[in-house]
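Structure record follows, encoded as structure tokens.
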Amino acid sequence: MSRAFDEVAVGEELPELPIPLTRTMIVATALASRDYQDVHHDPALAEDRGSKDVFMNILTTNGLVDRYVTSWAGPAARVKAIRIRLGAPNYPGDTMVLTGTVSAKHDDGHRVEIAVRGVNAIGPHVTGTVVVQLPGGAA
Amino acid sequence: MSDDYEARLQAWVGRELVARRPGQDPVNVPMIRHWVEAMEDANPVYLDEDAAKATGRDGVVAPASMIQAWTMRGYAATVRPSTEPSGFDELVALLGEGGYTSVVATDSELEFERELVPGDHVSVEEHVESISPEKKTGLGAGRFVSTVKTYRDASGEVVATQRWRTLRFRPADKPAPEKPKALRPRPAVNPDNAFWFEAAREHRLVIQRCADCKSLRHPPGPCCPQCGSFAWDTVESSGEGHVYTFTVNHHPRHPAFDYPLVVAVVELAEGTRLIANMTGVEPADVEVGMPVVLDWIDPDPDLSLPVFRPAAHKER
């Protein structure tokens, strides 16, 4: 079920997770995060504003990175930080593949840092770090 | 960009952009459900009370990443913003004055102090941390605006902070989509004149000749106007001639042509006349009697037409 702090080693890789980016999903996640900016649901207005189509909002990227790491860490994990940088937009029709590597461990508070990367057909959509607090261990 | 503008922008650093403002609703299960369904997040601690307790929690918790959603202003305020301008609106207007009318979020750094549970009422306030000089980006020239949002619970305790960076940019000029140039009007090709257009496609200017009386004629027709014979063949023109008459069209304009457009009646050395455009000469320099020679244009893949250019001056 949940991963314990002692079971995790720096350098461990998370299984990759491909996320199909449908137009419906991009709109549904924007609305679930109560983000009604037109660039996330109106293609014509998105084009007027310099984008080729609607694109995923940053709250959703946070949500997907959160999901990716906690689905690996297990339900007992508590998220302490999500630090992300956005790059290539997530446009409808593309697929974003999330990968992650355990980049650091801190005995203090049983914190584990995971370097996360989400790449779509254009390039890296998101790069960042998620910090989770894991249960158990010898400490 | 003037120094004054830069100073007005930089005056925003450290200022409160959005005063502490509570979210519309406390943390609640329906919004959590909406979120985890859309994110396809199967972590049971968000909706299953027992599963949450099994992890040592008191009950279900909200996804950490959902923090910002609790204080989003929602649909109504997005489409009908308050007429009372906030600091945020003032800064957006100032950035708009610099041409930075588009926005895209580039960085978010969330730090969580504790997990949120249903009933927590979250508020947010936002301060400006920095405004960068203008940078060239793939999206257009713009400025990075960094702010810090502080999320507090109902008792004022900080539950999370978020460093938030957006690029406010001037959309790069999009090249106008190239419209395919309009095609010239199609010639009315029929069995009596098809030979002439077929020869033109091979860049051969032919003249119809009566097979009986040998008189030349143009435009093509089935019957000799001199002797009435239906028998005919062709000769190939030398391509030399002179301007018999001409006009310069300015209006109305057809999108396939460049104006002013010279339309000339050229009399060939062989004696027949045809209507054609001129090339290699300014309309003002065209004269009646001007010696011309044949050239060809291929305005589109299905159409080749004779045009005429001034003949090189012959040494006398």
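Each chain of the structure tokens is named A, B, ... in the order shown, its residues numbered from 1; ligands are numbered from 1 in display order.
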
Within 9 Å of chain B: residues of chain A, using only C-alpha atoms, as a PyMOL selection string: chain A and resi 2+25-26+28-37+48-51+57-60+62-68+70-71+74-87+131+135

Keeping only N, CA and C atoms, take the residues you just selected and write them out as a tab-separated table (two decimals), in the first residue's frame.
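The resulting file, out19.tsv, is shown below:
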chain	number	residue	atom	x	y	z
A	2	SER	N	1.05	1.79	1.19
A	2	SER	CA	1.87	3.01	1.24
A	2	SER	C	3.35	2.66	1.36
A	25	MET	N	-10.95	16.68	-21.24
A	25	MET	CA	-10.19	16.65	-20.00
A	25	MET	C	-9.60	18.01	-19.68
A	26	ILE	N	-9.09	18.72	-20.68
A	26	ILE	CA	-8.49	20.04	-20.43
A	26	ILE	C	-9.55	21.02	-19.92
A	28	ALA	N	-12.55	20.06	-18.51
A	28	ALA	CA	-13.11	19.56	-17.25
A	28	ALA	C	-12.21	19.87	-16.07
A	29	THR	N	-10.91	19.73	-16.26
A	29	THR	CA	-9.99	19.99	-15.15
A	29	THR	C	-9.92	21.49	-14.86
A	30	ALA	N	-9.99	22.32	-15.91
A	30	ALA	CA	-9.98	23.78	-15.67
A	30	ALA	C	-11.20	24.16	-14.83
A	31	LEU	N	-12.34	23.58	-15.18
A	31	LEU	CA	-13.56	23.93	-14.44
A	31	LEU	C	-13.55	23.33	-13.04
A	32	ALA	N	-12.99	22.14	-12.89
A	32	ALA	CA	-12.91	21.53	-11.55
A	32	ALA	C	-12.03	22.38	-10.63
A	33	SER	N	-11.11	23.12	-11.23
A	33	SER	CA	-10.28	24.01	-10.41
A	33	SER	C	-10.85	25.42	-10.37
A	34	ARG	N	-12.06	25.58	-10.87
A	34	ARG	CA	-12.79	26.86	-10.89
A	34	ARG	C	-12.02	27.95	-11.65
A	35	ASP	N	-11.34	27.52	-12.71
A	35	ASP	CA	-10.59	28.45	-13.54
A	35	ASP	C	-11.37	28.65	-14.85
A	36	TYR	N	-11.98	29.82	-14.97
A	36	TYR	CA	-12.83	30.11	-16.13
A	36	TYR	C	-12.16	31.02	-17.14
A	37	GLN	N	-10.82	31.10	-17.11
A	37	GLN	CA	-10.10	31.89	-18.11
A	37	GLN	C	-10.38	31.28	-19.48
A	48	ASP	N	-6.78	34.21	-30.43
A	48	ASP	CA	-6.65	35.67	-30.40
A	48	ASP	C	-5.57	36.11	-29.41
A	49	ARG	N	-5.42	35.35	-28.37
A	49	ARG	CA	-4.46	35.73	-27.34
A	49	ARG	C	-3.07	35.14	-27.58
A	50	GLY	N	-2.87	34.60	-28.78
A	50	GLY	CA	-1.53	34.19	-29.16
A	50	GLY	C	-1.22	32.72	-28.98
A	51	SER	N	-2.24	31.92	-28.68
A	51	SER	CA	-2.02	30.49	-28.48
A	51	SER	C	-2.62	29.75	-29.66
A	57	ASN	N	-4.56	24.36	-17.74
A	57	ASN	CA	-4.18	25.40	-16.77
A	57	ASN	C	-3.19	24.84	-15.75
A	58	ILE	N	-2.53	25.76	-15.07
A	58	ILE	CA	-1.44	25.37	-14.17
A	58	ILE	C	-1.98	24.63	-12.95
A	59	LEU	N	-3.19	24.94	-12.53
A	59	LEU	CA	-3.74	24.23	-11.37
A	59	LEU	C	-3.87	22.74	-11.67
A	60	THR	N	-4.21	22.43	-12.92
A	60	THR	CA	-4.35	21.03	-13.31
A	60	THR	C	-2.98	20.35	-13.36
A	62	ASN	N	-0.52	21.05	-11.50
A	62	ASN	CA	-0.26	20.76	-10.09
A	62	ASN	C	-1.02	19.50	-9.65
A	63	GLY	N	-2.28	19.43	-10.04
A	63	GLY	CA	-3.11	18.30	-9.64
A	63	GLY	C	-2.58	16.98	-10.19
A	64	LEU	N	-2.11	17.00	-11.46
A	64	LEU	CA	-1.63	15.76	-12.07
A	64	LEU	C	-0.29	15.32	-11.48
A	65	VAL	N	0.55	16.29	-11.18
A	65	VAL	CA	1.84	15.98	-10.56
A	65	VAL	C	1.61	15.41	-9.15
A	66	ASP	N	0.66	16.01	-8.44
A	66	ASP	CA	0.25	15.54	-7.12
A	66	ASP	C	-0.23	14.08	-7.22
A	67	ARG	N	-1.15	13.85	-8.16
A	67	ARG	CA	-1.68	12.49	-8.37
A	67	ARG	C	-0.57	11.51	-8.69
A	68	TYR	N	0.34	11.91	-9.58
A	68	TYR	CA	1.42	11.02	-10.03
A	68	TYR	C	2.28	10.58	-8.84
A	70	THR	N	1.64	10.89	-5.47
A	70	THR	CA	0.96	10.21	-4.35
A	70	THR	C	0.47	8.82	-4.75
A	71	SER	N	0.22	8.60	-6.05
A	71	SER	CA	-0.20	7.25	-6.46
A	71	SER	C	0.97	6.29	-6.32
A	74	GLY	N	1.63	6.30	-2.13
A	74	GLY	CA	0.59	5.65	-1.35
A	74	GLY	C	-0.20	6.64	-0.51
A	75	PRO	N	-1.39	6.21	-0.04
A	75	PRO	CA	-2.32	7.13	0.61
A	75	PRO	C	-1.81	7.72	1.93
A	76	ALA	N	-0.83	7.09	2.56
A	76	ALA	CA	-0.34	7.65	3.84
A	76	ALA	C	0.58	8.85	3.64
A	77	ALA	N	1.09	9.00	2.42
A	77	ALA	CA	2.01	10.11	2.15
A	77	ALA	C	1.29	11.44	2.29
A	78	ARG	N	2.00	12.44	2.83
A	78	ARG	CA	1.45	13.80	2.90
A	78	ARG	C	2.32	14.71	2.05
A	79	VAL	N	1.66	15.49	1.22
A	79	VAL	CA	2.39	16.35	0.29
A	79	VAL	C	2.81	17.62	1.02
A	80	LYS	N	4.12	17.93	0.98
A	80	LYS	CA	4.63	19.11	1.68
A	80	LYS	C	4.97	20.25	0.72
A	81	ALA	N	5.27	19.91	-0.51
A	81	ALA	CA	5.59	20.97	-1.48
A	81	ALA	C	5.39	20.46	-2.89
A	82	ILE	N	4.93	21.35	-3.76
A	82	ILE	CA	4.85	21.07	-5.20
A	82	ILE	C	5.41	22.32	-5.88
A	83	ARG	N	6.61	22.16	-6.45
A	83	ARG	CA	7.26	23.31	-7.09
A	83	ARG	C	7.44	22.97	-8.57
A	84	ILE	N	6.74	23.71	-9.41
A	84	ILE	CA	6.80	23.35	-10.83
A	84	ILE	C	7.09	24.56	-11.71
A	85	ARG	N	7.71	24.26	-12.82
A	85	ARG	CA	7.92	25.25	-13.89
A	85	ARG	C	7.21	24.73	-15.12
A	86	LEU	N	6.49	25.62	-15.78
A	86	LEU	CA	5.76	25.23	-16.98
A	86	LEU	C	6.56	25.56	-18.22
A	87	GLY	N	6.48	24.68	-19.21
A	87	GLY	CA	7.15	24.93	-20.49
A	87	GLY	C	6.14	24.84	-21.62
A	131	VAL	N	7.67	17.30	-2.79
A	131	VAL	CA	8.20	16.82	-1.51
A	131	VAL	C	7.06	16.13	-0.77
A	135	PRO	N	5.44	7.71	5.81
A	135	PRO	CA	5.31	7.15	7.16
A	135	PRO	C	6.40	6.13	7.47

Compile the contact shell of B:Trp196 as a VMD selection string: residues with an atom at most 9 Å away, counting only C-alpha atoms, same-chain residues fewer than 2 positions apart removed. chain B and resid 192 to 194 198 to 201 204 to 208 220

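Across the structure, atom CA of B:Gln10 and atom CA of B:Thr150 are spaced 21.3 Å apart.
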
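Nearest residue to A:Pro89 among A:Pro18, A:Gly128, A:Gly118, A:Gly109 is A:Gly118, counting only C-alpha atoms.
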
DSSP on the backbone, then: every residue of stretch 12-250 of chain B marked alpha helix (DSSP H), written as number ranges by chain. B: 29-39, 49-54, 74-79, 87-97, 194-201

Stretch 14-17 of chain B: which residues within 12 Å, counting only C-alpha atoms, same-chain residues fewer than 2 positions away excluded, as a PyMOL selection string? chain B and resi 9-12+19-21+85-92+124-131+145-150

Give me a file of those residues, with C-alpha atoms, as an mmCIF file, in the first residue's frame.
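The new file selection16.cif reads:
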data_model
loop_
_atom_site.group_PDB
_atom_site.id
_atom_site.type_symbol
_atom_site.label_atom_id
_atom_site.label_comp_id
_atom_site.auth_asym_id
_atom_site.auth_seq_id
_atom_site.Cartn_x
_atom_site.Cartn_y
_atom_site.Cartn_z
ATOM 1 C CA LEU B 9 6.003 49.295 -12.542
ATOM 2 C CA GLN B 10 8.750 48.806 -9.975
ATOM 3 C CA ALA B 11 6.746 50.833 -7.446
ATOM 4 C CA TRP B 12 4.496 47.770 -7.254
ATOM 5 C CA ALA B 19 -6.156 41.953 0.128
ATOM 6 C CA ARG B 20 -6.978 38.942 2.267
ATOM 7 C CA ARG B 21 -10.106 37.459 0.790
ATOM 8 C CA PRO B 85 -10.767 48.112 -9.148
ATOM 9 C CA SER B 86 -8.378 46.053 -7.009
ATOM 10 C CA GLY B 87 -4.620 46.440 -6.888
ATOM 11 C CA PHE B 88 -4.472 43.465 -9.200
ATOM 12 C CA ASP B 89 -6.643 45.264 -11.778
ATOM 13 C CA GLU B 90 -4.469 48.363 -11.503
ATOM 14 C CA LEU B 91 -1.299 46.357 -12.127
ATOM 15 C CA VAL B 92 -2.917 44.510 -15.050
ATOM 16 C CA VAL B 124 -5.755 34.219 0.321
ATOM 17 C CA GLU B 125 -3.785 37.431 0.086
ATOM 18 C CA GLU B 126 -1.173 38.268 -2.519
ATOM 19 C CA HIS B 127 1.892 40.494 -2.595
ATOM 20 C CA VAL B 128 4.123 41.454 -5.506
ATOM 21 C CA GLU B 129 7.619 40.030 -5.120
ATOM 22 C CA SER B 130 9.291 41.216 -8.350
ATOM 23 C CA ILE B 131 8.673 42.458 -11.893
ATOM 24 C CA VAL B 145 5.704 39.034 -12.541
ATOM 25 C CA SER B 146 6.383 37.100 -9.308
ATOM 26 C CA THR B 147 3.926 37.253 -6.474
ATOM 27 C CA VAL B 148 3.478 35.378 -3.225
ATOM 28 C CA LYS B 149 0.058 34.134 -2.220
ATOM 29 C CA THR B 150 -0.457 33.335 1.430
#

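Of the residues listed (B:Gly239, B:Ala154, B:Glu84, B:Pro187), B:Pro187 shows the shortest atom-to-atom separation from B:Ser304; distances use only C-alpha atoms.
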
So which bits of chain A end up strand (DSSP E or B) when you DSSP the backbone, as a ChimeraX atom specification? /A:13-20,78-86,95-106,111-119,124-133

Could you please determine the separation between atom CA of B:Pro26 and atom CA of B:Val122 in Å, to one decimal place? 6.7 Å

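One distance worth recording is that between atom CA of A:His125 and atom CA of A:Tyr91, which is 10.1 Å.
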